[in-house]
file coords-v9.csv (CSV, C-alpha atoms and all ligand atoms)
chain,number,residue,atom,x,y,z
A,1,MET,CA,-16.5,-11.9,-3.4
A,2,ARG,CA,-14.1,-9.3,-4.7
A,3,ARG,CA,-13.5,-6.0,-2.9
A,4,PRO,CA,-11.7,-2.7,-3.6
A,5,THR,CA,-8.5,-1.6,-1.9
A,6,LEU,CA,-7.4,2.1,-2.0
A,7,THR,CA,-3.9,3.4,-1.6
A,8,PHE,CA,-2.9,6.7,-0.1
A,9,HIS,CA,0.5,8.3,0.1
A,10,GLY,CA,1.4,11.6,1.8
A,11,VAL,CA,-1.4,14.0,3.1
A,12,GLY,CA,-1.3,17.7,3.9
A,13,THR,CA,1.4,20.3,3.3
A,14,PRO,CA,4.5,18.3,2.2
A,15,PRO,CA,7.1,18.6,5.0
A,16,ARG,CA,10.0,17.8,2.6
A,17,PRO,CA,10.9,18.2,-1.1
A,18,LEU,CA,8.9,15.6,-3.0
A,19,SER,CA,10.4,13.0,-5.2
A,20,PRO,CA,9.5,12.8,-8.9
A,21,GLY,CA,6.0,11.5,-9.3
A,22,GLU,CA,5.0,12.2,-5.7
A,23,GLU,CA,3.1,15.4,-6.5
A,24,GLY,CA,0.7,13.2,-8.5
A,25,VAL,CA,-0.3,11.1,-5.5
A,26,TRP,CA,0.0,13.6,-2.6
A,27,LEU,CA,-3.4,14.8,-1.3
A,28,SER,CA,-4.4,17.9,0.6
A,29,GLN,CA,-6.0,17.2,3.9
A,30,SER,CA,-9.5,18.1,2.5
A,31,GLU,CA,-9.0,15.8,-0.5
A,32,PHE,CA,-8.0,13.0,1.9
A,33,GLU,CA,-10.9,13.6,4.3
A,34,SER,CA,-13.3,13.7,1.3
A,35,ALA,CA,-12.0,10.4,0.1
A,36,LEU,CA,-12.4,8.8,3.5
A,37,ASP,CA,-15.9,10.1,3.7
A,38,ALA,CA,-16.6,8.4,0.4
A,39,VAL,CA,-15.5,5.0,1.7
A,40,LEU,CA,-17.2,5.4,5.1
A,41,ALA,CA,-20.4,3.8,4.0
A,42,GLU,CA,-18.6,1.0,2.2
A,43,SER,CA,-17.3,-1.4,4.8
A,44,PRO,CA,-15.7,-4.0,2.5
A,45,VAL,CA,-13.2,-1.4,1.3
A,46,ARG,CA,-9.6,-1.9,2.4
A,47,LEU,CA,-7.4,1.1,3.0
A,48,THR,CA,-3.6,1.2,2.7
A,49,PHE,CA,-0.9,3.8,3.0
A,50,ASP,CA,2.5,3.6,1.3
A,51,ASP,CA,5.9,5.2,2.0
A,52,GLY,CA,5.7,5.8,5.8
A,53,ASN,CA,5.2,9.5,5.6
A,54,ALA,CA,5.0,11.6,8.7
A,55,SER,CA,1.4,12.3,7.8
A,56,ASP,CA,0.5,8.7,8.5
A,57,THR,CA,0.3,9.4,12.2
A,58,ALA,CA,0.0,13.2,12.2
A,59,ILE,CA,-3.1,13.3,9.8
A,60,ALA,CA,-4.3,9.9,8.6
A,61,LEU,CA,-4.4,8.1,11.9
A,62,PRO,CA,-6.7,10.5,13.8
A,63,ALA,CA,-8.9,10.9,10.7
A,64,LEU,CA,-9.3,7.1,10.5
A,65,VAL,CA,-9.9,6.7,14.2
A,66,ARG,CA,-12.6,9.4,14.1
A,67,ARG,CA,-14.4,7.4,11.4
A,68,GLY,CA,-13.9,4.0,13.0
A,69,LEU,CA,-11.8,2.9,10.0
A,70,THR,CA,-8.7,0.8,10.0
A,71,ALA,CA,-5.8,0.6,7.5
A,72,THR,CA,-2.6,-1.1,6.7
A,73,PHE,CA,0.5,1.1,6.6
A,74,PHE,CA,3.4,0.0,4.4
A,75,ILE,CA,6.6,1.5,5.9
A,76,VAL,CA,9.9,2.2,4.2
A,77,THR,CA,12.1,1.2,7.2
A,78,ASP,CA,15.3,3.1,6.3
A,79,ARG,CA,13.3,6.3,6.3
A,80,LEU,CA,12.0,6.0,9.9
A,81,ASP,CA,13.0,9.0,11.9
A,82,GLU,CA,14.1,10.9,8.7
A,83,PRO,CA,12.7,14.4,8.3
A,84,GLY,CA,9.2,14.3,6.8
A,85,PHE,CA,8.8,10.5,7.5
A,86,ALA,CA,7.2,8.6,10.4
A,87,ALA,CA,9.2,8.0,13.5
A,88,ALA,CA,10.1,4.5,14.6
A,89,ALA,CA,8.0,5.2,17.8
A,90,ASP,CA,5.0,5.9,15.5
A,91,VAL,CA,4.9,2.2,14.3
A,92,PRO,CA,3.8,0.7,17.7
A,93,ARG,CA,1.3,3.7,17.9
A,94,LEU,CA,-0.3,2.5,14.7
A,95,ILE,CA,-0.7,-1.0,16.1
A,96,ALA,CA,-2.0,0.2,19.4
A,97,ALA,CA,-4.7,2.2,17.5
A,98,GLY,CA,-5.9,-1.0,15.7
A,99,MET,CA,-4.0,-0.5,12.4
A,100,ASP,CA,-1.7,-3.0,10.7
A,101,VAL,CA,1.7,-2.5,9.2
A,102,GLY,CA,3.6,-4.2,6.3
A,103,THR,CA,6.9,-3.6,4.5
A,104,HIS,CA,7.5,-1.4,1.6
A,105,GLY,CA,11.2,-2.3,1.7
A,106,ASN,CA,14.2,-0.8,3.4
A,107,ALA,CA,14.9,1.9,0.9
A,108,HIS,CA,12.0,2.2,-1.6
A,109,LEU,CA,13.9,0.6,-4.4
A,110,ASP,CA,12.4,-1.0,-7.6
A,111,TRP,CA,12.4,-4.6,-6.6
A,112,ARG,CA,12.6,-5.8,-10.2
A,113,THR,CA,16.1,-4.2,-10.6
A,114,LEU,CA,17.6,-6.0,-7.6
A,115,SER,CA,19.5,-9.3,-7.5
A,116,VAL,CA,17.8,-12.0,-5.5
A,117,SER,CA,20.2,-11.7,-2.6
A,118,VAL,CA,19.8,-7.9,-2.4
A,119,LEU,CA,16.0,-8.2,-2.8
A,120,ARG,CA,15.8,-10.8,0.0
A,121,ASN,CA,17.8,-8.4,2.2
A,122,GLU,CA,15.7,-5.5,1.2
A,123,ILE,CA,12.4,-7.1,2.4
A,124,LEU,CA,13.6,-9.4,5.2
A,125,THR,CA,15.6,-6.7,7.1
A,126,SER,CA,12.7,-4.4,6.8
A,127,ARG,CA,10.2,-7.0,8.0
A,128,ALA,CA,12.5,-7.9,10.9
A,129,ARG,CA,12.7,-4.2,12.0
A,130,LEU,CA,8.9,-3.9,11.8
A,131,ALA,CA,8.4,-7.1,13.7
A,132,ALA,CA,10.7,-5.9,16.4
A,133,LEU,CA,8.9,-2.5,16.6
A,134,THR,CA,5.4,-4.1,16.7
A,135,GLN,CA,6.1,-7.3,18.6
A,136,ARG,CA,4.1,-9.2,16.0
A,137,THR,CA,4.4,-11.1,12.8
A,138,VAL,CA,4.6,-8.9,9.7
A,139,ASP,CA,3.4,-10.8,6.7
A,140,ALA,CA,2.2,-8.2,4.2
A,141,ALA,CA,4.3,-6.3,1.6
A,142,SER,CA,3.5,-3.7,-1.0
A,143,CYS,CA,5.7,-3.4,-4.0
A,144,PRO,CA,7.4,0.1,-4.4
A,145,PHE,CA,6.3,1.8,-7.7
A,146,GLY,CA,3.8,-1.1,-8.0
A,147,SER,CA,6.7,-2.9,-9.8
A,148,TYR,CA,7.0,-6.7,-9.8
A,149,ASP,CA,7.7,-9.7,-12.0
A,150,ARG,CA,7.8,-13.5,-11.7
A,151,ARG,CA,11.2,-13.4,-9.9
A,152,VAL,CA,10.0,-10.8,-7.3
A,153,LEU,CA,6.8,-12.8,-6.6
A,154,LYS,CA,8.9,-16.0,-6.2
A,155,VAL,CA,11.1,-14.3,-3.6
A,156,LEU,CA,8.1,-12.9,-1.7
A,157,ARG,CA,6.5,-16.4,-1.7
A,158,GLU,CA,9.8,-18.0,-0.5
A,159,CYS,CA,9.9,-15.4,2.3
A,160,ARG,CA,6.4,-16.5,3.3
A,161,PHE,CA,4.5,-13.2,2.9
A,162,GLN,CA,0.8,-13.9,3.2
A,163,ARG,CA,-0.4,-10.9,1.1
A,164,VAL,CA,1.4,-8.9,-1.5
A,165,TYR,CA,-0.2,-5.6,-2.6
A,166,THR,CA,0.2,-4.2,-6.1
A,167,SER,CA,-1.0,-1.0,-7.8
A,168,ASP,CA,-2.7,-2.9,-10.6
A,169,GLY,CA,-6.2,-1.4,-10.1
A,170,GLY,CA,-9.4,-3.4,-9.9
A,171,TRP,CA,-10.8,-5.5,-7.1
A,172,SER,CA,-9.5,-8.7,-5.4
A,173,ALA,CA,-11.0,-11.6,-3.4
A,174,PRO,CA,-10.0,-11.3,0.2
A,175,THR,CA,-8.3,-14.7,-0.1
A,176,SER,CA,-6.1,-13.7,-3.1
A,177,TRP,CA,-2.4,-13.7,-2.4
A,178,LEU,CA,-1.9,-10.8,-4.8
A,179,GLN,CA,-4.1,-7.9,-3.8
A,180,ARG,CA,-4.9,-5.2,-6.4
A,181,ARG,CA,-5.1,-1.6,-5.3
A,182,THR,CA,-6.0,1.7,-6.8
A,183,THR,CA,-4.2,4.9,-5.8
A,184,VAL,CA,-6.3,7.9,-4.8
A,185,THR,CA,-4.9,11.0,-6.6
A,186,PRO,CA,-5.7,14.7,-6.2
A,187,THR,CA,-7.5,14.7,-9.6
A,188,MET,CA,-10.2,12.3,-8.3
A,189,THR,CA,-13.4,13.8,-7.0
A,190,HIS,CA,-15.5,12.6,-4.1
A,191,THR,CA,-17.8,11.0,-6.7
A,192,ASP,CA,-14.9,9.3,-8.4
A,193,VAL,CA,-13.9,7.7,-5.2
A,194,ILE,CA,-17.5,6.6,-4.4
A,195,GLU,CA,-17.6,4.9,-7.9
A,196,LEU,CA,-14.2,3.2,-7.3
A,197,VAL,CA,-15.4,1.6,-4.1
A,198,THR,CA,-19.0,0.8,-5.1
A,199,ARG,CA,-18.9,-0.2,-8.7
A,200,PRO,CA,-17.1,-3.6,-9.3
A,201,PRO,CA,-15.2,-3.9,-12.6
A,202,THR,CA,-17.4,-5.2,-15.4
A,203,ALA,CA,-16.6,-8.7,-16.8
A,204,THR,CA,-14.8,-7.0,-19.7
A,205,GLU,CA,-12.8,-4.7,-17.5
A,206,GLN,CA,-11.9,-7.7,-15.3
A,207,THR,CA,-10.6,-9.6,-18.3
A,208,VAL,CA,-8.4,-6.7,-19.4
A,209,LEU,CA,-7.1,-6.3,-15.8
A,210,ALA,CA,-6.4,-10.1,-15.6
A,211,VAL,CA,-4.5,-10.1,-18.9
A,212,LYS,CA,-2.4,-7.1,-17.8
A,213,GLN,CA,-1.6,-8.7,-14.4
A,214,LEU,CA,-0.7,-12.0,-16.0
A,215,ALA,CA,1.8,-10.2,-18.3
A,216,LYS,CA,3.5,-8.8,-15.2
A,217,LYS,CA,3.4,-12.1,-13.3
A,218,ILE,CA,5.1,-14.1,-16.0
A,219,ARG,CA,7.6,-11.5,-17.3
B,301,ZN,ZN,6.1,3.8,-2.5
call {"tool": "encode", "arguments": {"input": "coords-v9.csv", "output": "structure tokens", "more": "lines below"}}
Ligand SMILES: [Zn+2]
result
Amino acid sequence: MRRPTLTFHGVGTPPRPLSPGEEGVWLSQSEFESALDAVLAESPVRLTFDDGNASDTAIALPALVRRGLTATFFIVTDRLDEPGFAAAADVPRLIAAGMDVGTHGNAHLDWRTLSVSVLRNEILTSRARLAALTQRTVDAASCPFGSYDRRVLKVLRECRFQRVYTSDGGWSAPTSWLQRRTTVTPTMTHTDVIELVTRPPTATEQTVLAVKQLAKKIR
């Protein structure tokens, strides 16, 4: 049975100048809490956070814990301890609170633009750092900018990642290696988020999503 996965980025007053495109995915605390309340009743929803912002532990973690929710946090490891981003010491705190972590790369690069050796280094060094911080196996990755192609997926498979998260929209089976996600944006209302997590794509929508994803997988 397919289920939805939502992606969040930074939350609250931005503590640093935002990169191009970040304004479109950065939520106020009330927008974030409203989205969490929309998913509260829908247990099959999976929650993820990209980029390793300082708000992951400052705002998101307590809001999740209050609601009995868990999430996977995809960390950009070179940014740990940088101003506005999570501290390295925050990573074991996430695990201790029942959350999971995965890699979003060392430096938030577009993985399609990297040579195979640089890409392998980008994800393996990051994974090793997270494994050392968490004292556990790290086997999930999310693609920066949602960008991937056949070569990126081949490297991720060779590196034995168990789940790879995209930004392709739609729902995925829990057993699917490639997990579709939908980013929650400031323009979405509480009702929009409820619809995202309660209304599965129709057969026609599912076909369109599958064709789009296939085009990325084989390019
Ligand atoms: Zn990102």
call {"tool": "closest_residue", "arguments": {"input": "coords-v9.csv", "among": "A:Pro83, A:Pro44, A:Gly98, A:Gly146", "to": "Trp111 (chain A)", "atoms": "all atoms listed in the file"}}
result
A:Gly146
call {"tool": "residues_around", "arguments": {"input": "coords-v9.csv", "residues": "Asp149 (chain A)", "least_positions_apart": "4", "cutoff": "10 Å", "atoms": "all atoms listed in the file", "output": "PyMOL selection string"}}
result
chain A and resi 111-112+153-154+213-219
call {"tool": "closest_residue", "arguments": {"input": "coords-v9.csv", "among": "A:Thr175, A:Thr204, A:Thr77, A:Gln135", "to": "ligand ZN 301 (chain B)", "atoms": "only C-alpha atoms and all ligand atoms"}}
result
A:Thr77
call {"tool": "atom_distance", "arguments": {"input": "coords-v9.csv", "atom1": "CA of Leu124 (chain A)", "atom2": "CA of Gly105 (chain A)"}}
result
8.3 Å
call {"tool": "residues_around", "arguments": {"input": "coords-v9.csv", "residues": "Leu196 (chain A)", "least_positions_apart": "3", "cutoff": "9 Å", "atoms": "all atoms listed in the file", "output": "list in words"}}
result
Pro4, Leu6, Gly170, Thr182, Thr191, Asp192, Val193, Arg199, Pro200 and Pro201 of chain A
call {"tool": "write_last_selection", "arguments": {"input": "coords-v9.csv", "atoms": "C-alpha atoms", "output": "PDB file, keeping the file's coordinate frame"}}
result
ATOM      1  CA  PRO A   4     -11.700  -2.700  -3.600  1.00  0.00           C
ATOM      2  CA  LEU A   6      -7.400   2.100  -2.000  1.00  0.00           C
ATOM      3  CA  GLY A 170      -9.400  -3.400  -9.900  1.00  0.00           C
ATOM      4  CA  THR A 182      -6.000   1.700  -6.800  1.00  0.00           C
ATOM      5  CA  THR A 191     -17.800  11.000  -6.700  1.00  0.00           C
ATOM      6  CA  ASP A 192     -14.900   9.300  -8.400  1.00  0.00           C
ATOM      7  CA  VAL A 193     -13.900   7.700  -5.200  1.00  0.00           C
ATOM      8  CA  ARG A 199     -18.900  -0.200  -8.700  1.00  0.00           C
ATOM      9  CA  PRO A 200     -17.100  -3.600  -9.300  1.00  0.00           C
ATOM     10  CA  PRO A 201     -15.200  -3.900 -12.600  1.00  0.00           C
TER      11      PRO A 201
END
call {"tool": "closest_residue", "arguments": {"input": "coords-v9.csv", "among": "A:Arg2, A:Arg129, A:Arg79, A:Arg16", "to": "Val45 (chain A)", "atoms": "only C-alpha atoms"}}
result
A:Arg2
call {"tool": "closest_atom_pairs", "arguments": {"input": "coords-v9.csv", "of": "chain A", "to": "ligand ZN 301 (chain B)", "cutoff": "12 Å", "atoms": "only C-alpha atoms and all ligand atoms", "output": "CSV"}}
result
residue,atom,partner,partner_atom,distance
A:Thr7,CA,B:ZN301,ZN,10.0
A:Phe8,CA,B:ZN301,ZN,9.8
A:His9,CA,B:ZN301,ZN,7.6
A:Gly10,CA,B:ZN301,ZN,10.1
A:Ser19,CA,B:ZN301,ZN,10.5
A:Pro20,CA,B:ZN301,ZN,11.6
A:Gly21,CA,B:ZN301,ZN,10.3
A:Glu22,CA,B:ZN301,ZN,9.1
A:Val25,CA,B:ZN301,ZN,10.2
A:Trp26,CA,B:ZN301,ZN,11.5
A:Thr48,CA,B:ZN301,ZN,11.3
A:Phe49,CA,B:ZN301,ZN,8.9
A:Asp50,CA,B:ZN301,ZN,5.2
A:Asp51,CA,B:ZN301,ZN,4.7
A:Gly52,CA,B:ZN301,ZN,8.5
A:Asn53,CA,B:ZN301,ZN,9.9
A:Phe73,CA,B:ZN301,ZN,11.0
A:Phe74,CA,B:ZN301,ZN,8.3
A:Ile75,CA,B:ZN301,ZN,8.7
A:Val76,CA,B:ZN301,ZN,7.9
A:Thr77,CA,B:ZN301,ZN,11.7
A:Arg79,CA,B:ZN301,ZN,11.6
A:Thr103,CA,B:ZN301,ZN,10.2
A:His104,CA,B:ZN301,ZN,6.8
A:Gly105,CA,B:ZN301,ZN,9.0
A:Asn106,CA,B:ZN301,ZN,11.0
A:Ala107,CA,B:ZN301,ZN,9.6
A:His108,CA,B:ZN301,ZN,6.2
A:Leu109,CA,B:ZN301,ZN,8.6
A:Asp110,CA,B:ZN301,ZN,9.4
A:Trp111,CA,B:ZN301,ZN,11.3
A:Ala141,CA,B:ZN301,ZN,11.0
A:Ser142,CA,B:ZN301,ZN,8.1
A:Cys143,CA,B:ZN301,ZN,7.4
A:Pro144,CA,B:ZN301,ZN,4.4
A:Phe145,CA,B:ZN301,ZN,5.6
A:Gly146,CA,B:ZN301,ZN,7.7
A:Ser147,CA,B:ZN301,ZN,9.9
A:Tyr165,CA,B:ZN301,ZN,11.3
A:Thr166,CA,B:ZN301,ZN,10.6
A:Ser167,CA,B:ZN301,ZN,10.1
A:Thr183,CA,B:ZN301,ZN,10.9
call {"tool": "atom_distance", "arguments": {"input": "coords-v9.csv", "atom1": "CA of Ala97 (chain A)", "atom2": "CA of Thr72 (chain A)"}}
result
11.5 Å
call {"tool": "closest_residue", "arguments": {"input": "coords-v9.csv", "among": "A:Leu133, A:Val11, A:Val101, A:Val211", "to": "Ala89 (chain A)", "atoms": "all atoms listed in the file"}}
result
A:Leu133
call {"tool": "residues_near_point", "arguments": {"input": "coords-v9.csv", "point": "(-4.1, 16.2, -7.9)", "cutoff": "9 Å", "atoms": "all atoms listed in the file", "output": "PDB file with C-alpha atoms, in the coordinates of the input"}}
result
ATOM      1  CA  GLU A  23       3.100  15.400  -6.500  1.00  0.00           C
ATOM      2  CA  GLY A  24       0.700  13.200  -8.500  1.00  0.00           C
ATOM      3  CA  VAL A  25      -0.300  11.100  -5.500  1.00  0.00           C
ATOM      4  CA  TRP A  26       0.000  13.600  -2.600  1.00  0.00           C
ATOM      5  CA  LEU A  27      -3.400  14.800  -1.300  1.00  0.00           C
ATOM      6  CA  SER A  28      -4.400  17.900   0.600  1.00  0.00           C
ATOM      7  CA  GLU A  31      -9.000  15.800  -0.500  1.00  0.00           C
ATOM      8  CA  THR A 185      -4.900  11.000  -6.600  1.00  0.00           C
ATOM      9  CA  PRO A 186      -5.700  14.700  -6.200  1.00  0.00           C
ATOM     10  CA  THR A 187      -7.500  14.700  -9.600  1.00  0.00           C
ATOM     11  CA  MET A 188     -10.200  12.300  -8.300  1.00  0.00           C
TER      12      MET A 188
END
